[in-house]
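What follows is a single structure, written as structure tokens, with notes after it.
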Amino acid sequence: MPELPEVESVRRGVDEWTAGTTITGAEVLDPRILGTTSQRRIDASAVSGFVSAVTGAHILKAERRGKFMWLSLVEGADLSTADPVTSPVSRPELGILVHLGMSGQLRIHSPGEDIHRHTRAVLHLDSDRELRFVDQRIFGHIGVQPLVHGYGRLVPASAVHIAADPLEPAFDPEAVVGELAKKRTAIKAALLDQTLVSGIGNIYADEALFRAGVHPLAVPARTRKSRLVAVLESATKVMSDALAVGGTSFDALYVNVNGESGYFERSLTVYKKHGTPCKRCGTTIAREKIGGRSSHFCPRCQRRR
DNA sequence: ACGCCCGCCTGGACGC
DNA sequence: TGCGTCCAGGCGGGCG
């Protein structure tokens with residue numbers, strides 16, 4: 001389940017293998033991957049449009065905000081003759097946005113290696129490697145987009161509403177706590193709101209609330225700011241801890257570009273631990289649906305107030 | 001304006 | 001064994 005630590009692990013691998021390369025061609029094996037979650041009917045012109053837009057583009061680097069990742073591009077540039085004054089390569093205008101959704105993977109392969117049946121798109125690189133987007137459930141998507149300004153950075157247009165994540169310089173904890181304190185919904189739901197703070201998904205929301213000792217149904221507007229700060233700090237810490245070990249892999253659905261799993265599952269304290277004793281106090285971990293999502297918490301360490 | 005909930009997907013787990 | 005049903009979950013859109 002790719003949340004911030006998993007997407008960042010993937011981004012690092014993607015950057016290592018693709019930055020500085022040129023895209024020599026592309027294939028879209030399942031056009032639905034070009035759509036969004038609510039628009040999956042894609043016509044043939046979208047496929048040819050994607051292929052022609054990326055072919056010949058030069059990849060500057062792989063970037064990320066929250067769970068959104070993108071390759072910043074210089075379109076069709078011949079870098080050997082480019083004039084750095086008239087066409088500065090440090091100002092990309094386009095990006096290839098990739099969202100992994102639930103089950104998306106980006107994998108680096110050599111041409112000719114077996115194509116996994118869930119491979120939805122392939123970018124061929126001039127480094128004699130290819131970047132494959134594999135996605136069992138097609139909750140993810142890929143597409144070429146203009147880069148626009150959002151929260152102090154250039155980001156793909158469809159991610160402009162996504163807030164900064166806790167691991168980037170533009171993240172402003174005081175401003176986020178101020179916004180959070182206005183919310184009358186369950187704090188669990190607020191943590192999953194990517195327009196407030198990005199990168200937190202169901203796993204790290206539950207883990208952060210446990211670490212901060214806050215009940216998932218706590219209402220931010222009625223919670224002390226010091227406790228809201230604690231929740232945000234816990235979220236930042238738990239995602240940093242997870243990133244340090246390559247993220248969380250429950251099954252084969254999350255791996256990095258080289259197909260390797262992360263090791264944070266062994267450090268989870270509440271997520272999917274319902275029915276087992278709390279590591280801190282021994283009380284049985286509970287599971288409840290909150291905002292339509294399974295939420296796991298310790299009824300004693302995370303009392304409602 | 002804000003909060004909530006559905007639909008999009010596939011495959012694995014479960015019940016009969 | 002085999003079929004049907006439910007569940008997992010990020011996100012966008014549409015509803016109230």
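Within each chain, counting starts at residue 1; across the structure tokens, chains are named A, B, ... in the order shown, with ligands numbered 1 upward in that order.
Near chain A, the residues of chain B that fall inside 6 Å (using only C-alpha atoms (C1' of nucleotides)) are B:DC8, B:DC9, B:DT10.
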Just C-alpha atoms (C1' of nucleotides) for this one: save the residues we selected as a compact mmCIF listing (two decimals), in the first residue's frame.
# COMPACT_ATOMS: atom_id res chain seq x y z
C1' DC B 8 -13.57 2.79 -9.96
C1' DC B 9 -10.68 -2.16 -10.09
C1' DT B 10 -8.74 -7.05 -9.16
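The residue set within 10 Å of Thr24 in chain A, counting only C-alpha atoms (C1' of nucleotides) and dropping same-chain residues fewer than 4 places from it, reads Val51, Val54, Thr55, Gly56, Ala57, His58, Leu123, His124, Leu125, Asp126, Ser127, Asp128 and Glu130 of chain A.
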Which residue gives the smallest distance to chain C among A:Gly101, A:Gly35, A:Pro156, A:Gly20, with only C-alpha atoms (C1' of nucleotides) counted?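 Smallest separation from chain C among the options: A:Gly101.
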Could you list the residues in chain C lying within 10 Å of chain A, using only C-alpha atoms (C1' of nucleotides), and format the result as a PyMOL selection string? chain C and resi 8-13
Take the residues from that selection and put them in a file with N, CA, C and O atoms (P, O5', C5', C4', C3', O3' and C1' of nucleotides), as an mmCIF file, in the first residue's frame.
data_model
loop_
_atom_site.group_PDB
_atom_site.id
_atom_site.type_symbol
_atom_site.label_atom_id
_atom_site.label_comp_id
_atom_site.auth_asym_id
_atom_site.auth_seq_id
_atom_site.Cartn_x
_atom_site.Cartn_y
_atom_site.Cartn_z
ATOM 1 P P DA C 8 -12.031 -4.174 5.034
ATOM 2 O "O5'" DA C 8 -10.723 -3.853 4.192
ATOM 3 C "C5'" DA C 8 -9.643 -4.773 4.167
ATOM 4 C "C4'" DA C 8 -8.764 -4.448 2.999
ATOM 5 C "C3'" DA C 8 -8.553 -2.951 2.800
ATOM 6 O "O3'" DA C 8 -7.331 -2.577 3.430
ATOM 7 C "C1'" DA C 8 -8.960 -4.093 0.724
ATOM 8 P P DG C 9 -7.297 -1.283 4.268
ATOM 9 O "O5'" DG C 9 -7.129 -0.161 3.155
ATOM 10 C "C5'" DG C 9 -5.957 -0.152 2.364
ATOM 11 C "C4'" DG C 9 -6.238 0.646 1.128
ATOM 12 C "C3'" DG C 9 -6.728 2.085 1.421
ATOM 13 O "O3'" DG C 9 -5.843 2.996 0.808
ATOM 14 C "C1'" DG C 9 -8.000 1.052 -0.256
ATOM 15 P P DG C 10 -5.522 4.381 1.490
ATOM 16 O "O5'" DG C 10 -5.343 5.268 0.187
ATOM 17 C "C5'" DG C 10 -4.366 4.907 -0.776
ATOM 18 C "C4'" DG C 10 -4.495 5.800 -1.986
ATOM 19 C "C3'" DG C 10 -4.758 7.265 -1.698
ATOM 20 O "O3'" DG C 10 -4.092 8.016 -2.700
ATOM 21 C "C1'" DG C 10 -6.645 6.331 -2.809
ATOM 22 P P DC C 11 -4.105 9.577 -2.656
ATOM 23 O "O5'" DC C 11 -5.354 9.969 -3.539
ATOM 24 C "C5'" DC C 11 -5.364 9.602 -4.911
ATOM 25 C "C4'" DC C 11 -6.735 9.824 -5.478
ATOM 26 C "C3'" DC C 11 -7.303 11.232 -5.258
ATOM 27 O "O3'" DC C 11 -7.450 11.803 -6.516
ATOM 28 C "C1'" DC C 11 -8.935 9.555 -4.938
ATOM 29 P P DG C 12 -7.542 13.378 -6.680
ATOM 30 O "O5'" DG C 12 -8.851 13.519 -7.574
ATOM 31 C "C5'" DG C 12 -9.045 12.636 -8.669
ATOM 32 C "C4'" DG C 12 -10.513 12.570 -8.992
ATOM 33 C "C3'" DG C 12 -11.230 13.920 -8.948
ATOM 34 O "O3'" DG C 12 -12.084 13.979 -10.067
ATOM 35 C "C1'" DG C 12 -12.310 12.398 -7.497
ATOM 36 P P DG C 13 -12.742 15.339 -10.511
ATOM 37 O "O5'" DG C 13 -14.291 15.012 -10.413
ATOM 38 C "C5'" DG C 13 -14.779 13.758 -10.894
ATOM 39 C "C4'" DG C 13 -16.094 13.451 -10.235
ATOM 40 C "C3'" DG C 13 -17.047 14.650 -10.158
ATOM 41 O "O3'" DG C 13 -18.336 14.227 -10.565
ATOM 42 C "C1'" DG C 13 -16.788 13.690 -8.024
#
Run DSSP on the backbone and tell me which residues of range 115-237 of chain A come out as alpha helix (DSSP H); list them as a PyMOL selection string. chain A and resi 173-180+187-191+202-212+225-237
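Closest approach to Gly104 in chain A among A:Ala121, A:Ile200, A:Ala235, A:Cys281 is made by A:Ala121 (distances from only C-alpha atoms).
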May I have the residues within 12 Å of DG4 in chain C as a PyMOL selection string, using only C-alpha atoms (C1' of nucleotides) and disregarding those fewer than 4 positions away in the same chain? chain B and resi 14-16
Env of Val122 in chain A: 10 Å cut, atoms = only C-alpha atoms (C1' of nucleotides), seq-sep filter 4 positions within chain, self excluded. Answer as a list of chain:residue names. A:Gly25, A:Ala26, A:Glu27, A:Val28, A:Leu29, A:Val51, A:Leu106, A:Arg107, A:Ile108, A:His109, A:Ile115, A:Glu130, A:Leu131, A:Arg132, A:Phe133, A:Val134
For the residues selected in the previous step, produce a file with N, CA, C and O atoms as a CSV table (one decimal), in the first residue's frame.
chain,number,residue,atom,x,y,z
A,25,GLY,N,10.8,5.9,-26.7
A,25,GLY,CA,9.5,5.4,-27.1
A,25,GLY,C,8.6,5.0,-25.9
A,25,GLY,O,9.2,4.9,-24.8
A,26,ALA,N,7.4,4.8,-26.2
A,26,ALA,CA,6.5,4.4,-25.1
A,26,ALA,C,5.4,3.5,-25.6
A,26,ALA,O,5.0,3.5,-26.8
A,27,GLU,N,4.8,2.6,-24.7
A,27,GLU,CA,3.7,1.8,-25.1
A,27,GLU,C,2.7,1.9,-24.0
A,27,GLU,O,3.0,1.9,-22.8
A,28,VAL,N,1.4,2.0,-24.4
A,28,VAL,CA,0.3,1.9,-23.4
A,28,VAL,C,-0.4,0.6,-23.6
A,28,VAL,O,-1.1,0.4,-24.6
A,29,LEU,N,-0.2,-0.4,-22.7
A,29,LEU,CA,-0.8,-1.7,-22.9
A,29,LEU,C,-2.2,-1.8,-22.5
A,29,LEU,O,-3.0,-2.6,-23.0
A,51,VAL,N,2.0,8.9,-26.1
A,51,VAL,CA,3.2,8.4,-26.7
A,51,VAL,C,4.0,9.5,-27.4
A,51,VAL,O,5.2,9.6,-27.3
A,106,LEU,N,6.4,0.7,-10.1
A,106,LEU,CA,7.3,1.1,-11.2
A,106,LEU,C,8.5,0.2,-11.1
A,106,LEU,O,9.1,0.1,-10.1
A,107,ARG,N,8.8,-0.4,-12.2
A,107,ARG,CA,9.9,-1.4,-12.2
A,107,ARG,C,10.9,-1.1,-13.4
A,107,ARG,O,10.5,-0.7,-14.4
A,108,ILE,N,12.2,-1.3,-13.1
A,108,ILE,CA,13.2,-1.1,-14.1
A,108,ILE,C,13.5,-2.5,-14.7
A,108,ILE,O,13.8,-3.4,-13.9
A,109,HIS,N,13.5,-2.6,-16.0
A,109,HIS,CA,13.8,-3.8,-16.6
A,109,HIS,C,14.8,-3.6,-17.8
A,109,HIS,O,14.9,-2.5,-18.3
A,115,ILE,N,7.3,-9.8,-19.7
A,115,ILE,CA,6.4,-8.7,-19.4
A,115,ILE,C,5.3,-9.3,-18.4
A,115,ILE,O,4.6,-10.2,-18.8
A,130,GLU,N,14.2,-0.1,-19.5
A,130,GLU,CA,12.8,0.5,-19.6
A,130,GLU,C,12.1,0.5,-18.3
A,130,GLU,O,12.4,-0.2,-17.4
A,131,LEU,N,11.3,1.6,-18.2
A,131,LEU,CA,10.5,1.8,-16.9
A,131,LEU,C,9.1,1.2,-17.2
A,131,LEU,O,8.4,1.7,-18.1
A,132,ARG,N,8.7,0.2,-16.4
A,132,ARG,CA,7.4,-0.4,-16.6
A,132,ARG,C,6.5,0.0,-15.4
A,132,ARG,O,6.9,-0.1,-14.3
A,133,PHE,N,5.3,0.3,-15.8
A,133,PHE,CA,4.2,0.6,-14.8
A,133,PHE,C,3.3,-0.6,-14.7
A,133,PHE,O,2.6,-0.9,-15.7
A,134,VAL,N,3.4,-1.3,-13.6
A,134,VAL,CA,2.6,-2.5,-13.4
A,134,VAL,C,1.6,-2.2,-12.3
A,134,VAL,O,1.9,-1.6,-11.3
Compile the contact shell of Ala53 in chain A as a ChimeraX atom specification: residues with an atom at most 10 Å away, counting only C-alpha atoms (C1' of nucleotides), same-chain residues fewer than 6 positions apart removed. /A:25-26,47,75-76,94,96,143-145
Let's have the selection written as a compact mmCIF listing (two decimals), in the first residue's frame, with all heavy atoms.
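Done, and the output landed in selection.txt:
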# COMPACT_ATOMS: atom_id res chain seq x y z
N GLY A 25 10.78 5.92 -26.67
CA GLY A 25 9.49 5.41 -27.14
C GLY A 25 8.65 4.99 -25.95
O GLY A 25 9.15 4.95 -24.82
N ALA A 26 7.39 4.75 -26.19
CA ALA A 26 6.49 4.36 -25.10
C ALA A 26 5.39 3.45 -25.62
O ALA A 26 5.04 3.50 -26.81
CB ALA A 26 5.88 5.60 -24.45
N VAL A 47 -4.05 7.73 -26.22
CA VAL A 47 -2.88 6.87 -26.22
C VAL A 47 -1.81 7.43 -27.15
O VAL A 47 -0.65 7.59 -26.76
CB VAL A 47 -3.25 5.42 -26.65
CG1 VAL A 47 -1.99 4.58 -26.82
CG2 VAL A 47 -4.20 4.80 -25.63
N GLU A 75 11.14 18.88 -23.07
CA GLU A 75 10.52 18.31 -24.25
C GLU A 75 11.45 18.37 -25.46
O GLU A 75 11.93 19.43 -25.83
CB GLU A 75 9.24 19.11 -24.55
CG GLU A 75 8.27 18.43 -25.49
CD GLU A 75 7.63 17.18 -24.90
OE1 GLU A 75 7.57 17.07 -23.66
OE2 GLU A 75 7.19 16.34 -25.68
N GLY A 76 11.70 17.18 -26.02
CA GLY A 76 12.42 17.07 -27.28
C GLY A 76 13.73 17.84 -27.36
O GLY A 76 14.13 18.27 -28.43
N LEU A 94 6.85 20.45 -18.46
CA LEU A 94 5.99 19.27 -18.51
C LEU A 94 6.49 18.21 -17.55
O LEU A 94 7.68 18.15 -17.23
CB LEU A 94 5.99 18.67 -19.92
CG LEU A 94 5.14 19.32 -21.00
CD1 LEU A 94 5.30 18.53 -22.29
CD2 LEU A 94 3.66 19.38 -20.59
N ILE A 96 5.70 13.84 -16.37
CA ILE A 96 4.91 12.60 -16.47
C ILE A 96 4.49 12.25 -15.06
O ILE A 96 5.31 11.84 -14.23
CB ILE A 96 5.72 11.45 -17.08
CG1 ILE A 96 6.23 11.83 -18.48
CG2 ILE A 96 4.87 10.18 -17.14
CD1 ILE A 96 7.12 10.77 -19.11
N GLY A 143 0.21 10.05 -16.78
CA GLY A 143 -0.18 10.99 -17.82
C GLY A 143 0.78 12.16 -17.91
O GLY A 143 1.50 12.45 -16.96
N VAL A 144 0.81 12.78 -19.07
CA VAL A 144 1.65 13.96 -19.29
C VAL A 144 0.87 15.20 -18.91
O VAL A 144 -0.29 15.35 -19.32
CB VAL A 144 2.11 14.06 -20.76
CG1 VAL A 144 2.93 15.33 -20.98
CG2 VAL A 144 2.91 12.84 -21.14
N GLN A 145 1.48 16.07 -18.12
CA GLN A 145 0.78 17.26 -17.66
C GLN A 145 1.70 18.47 -17.62
O GLN A 145 2.90 18.32 -17.42
CB GLN A 145 0.25 17.04 -16.23
CG GLN A 145 -0.77 15.94 -16.17
CD GLN A 145 -1.39 15.85 -14.80
OE1 GLN A 145 -1.18 16.70 -13.95
NE2 GLN A 145 -2.18 14.81 -14.60
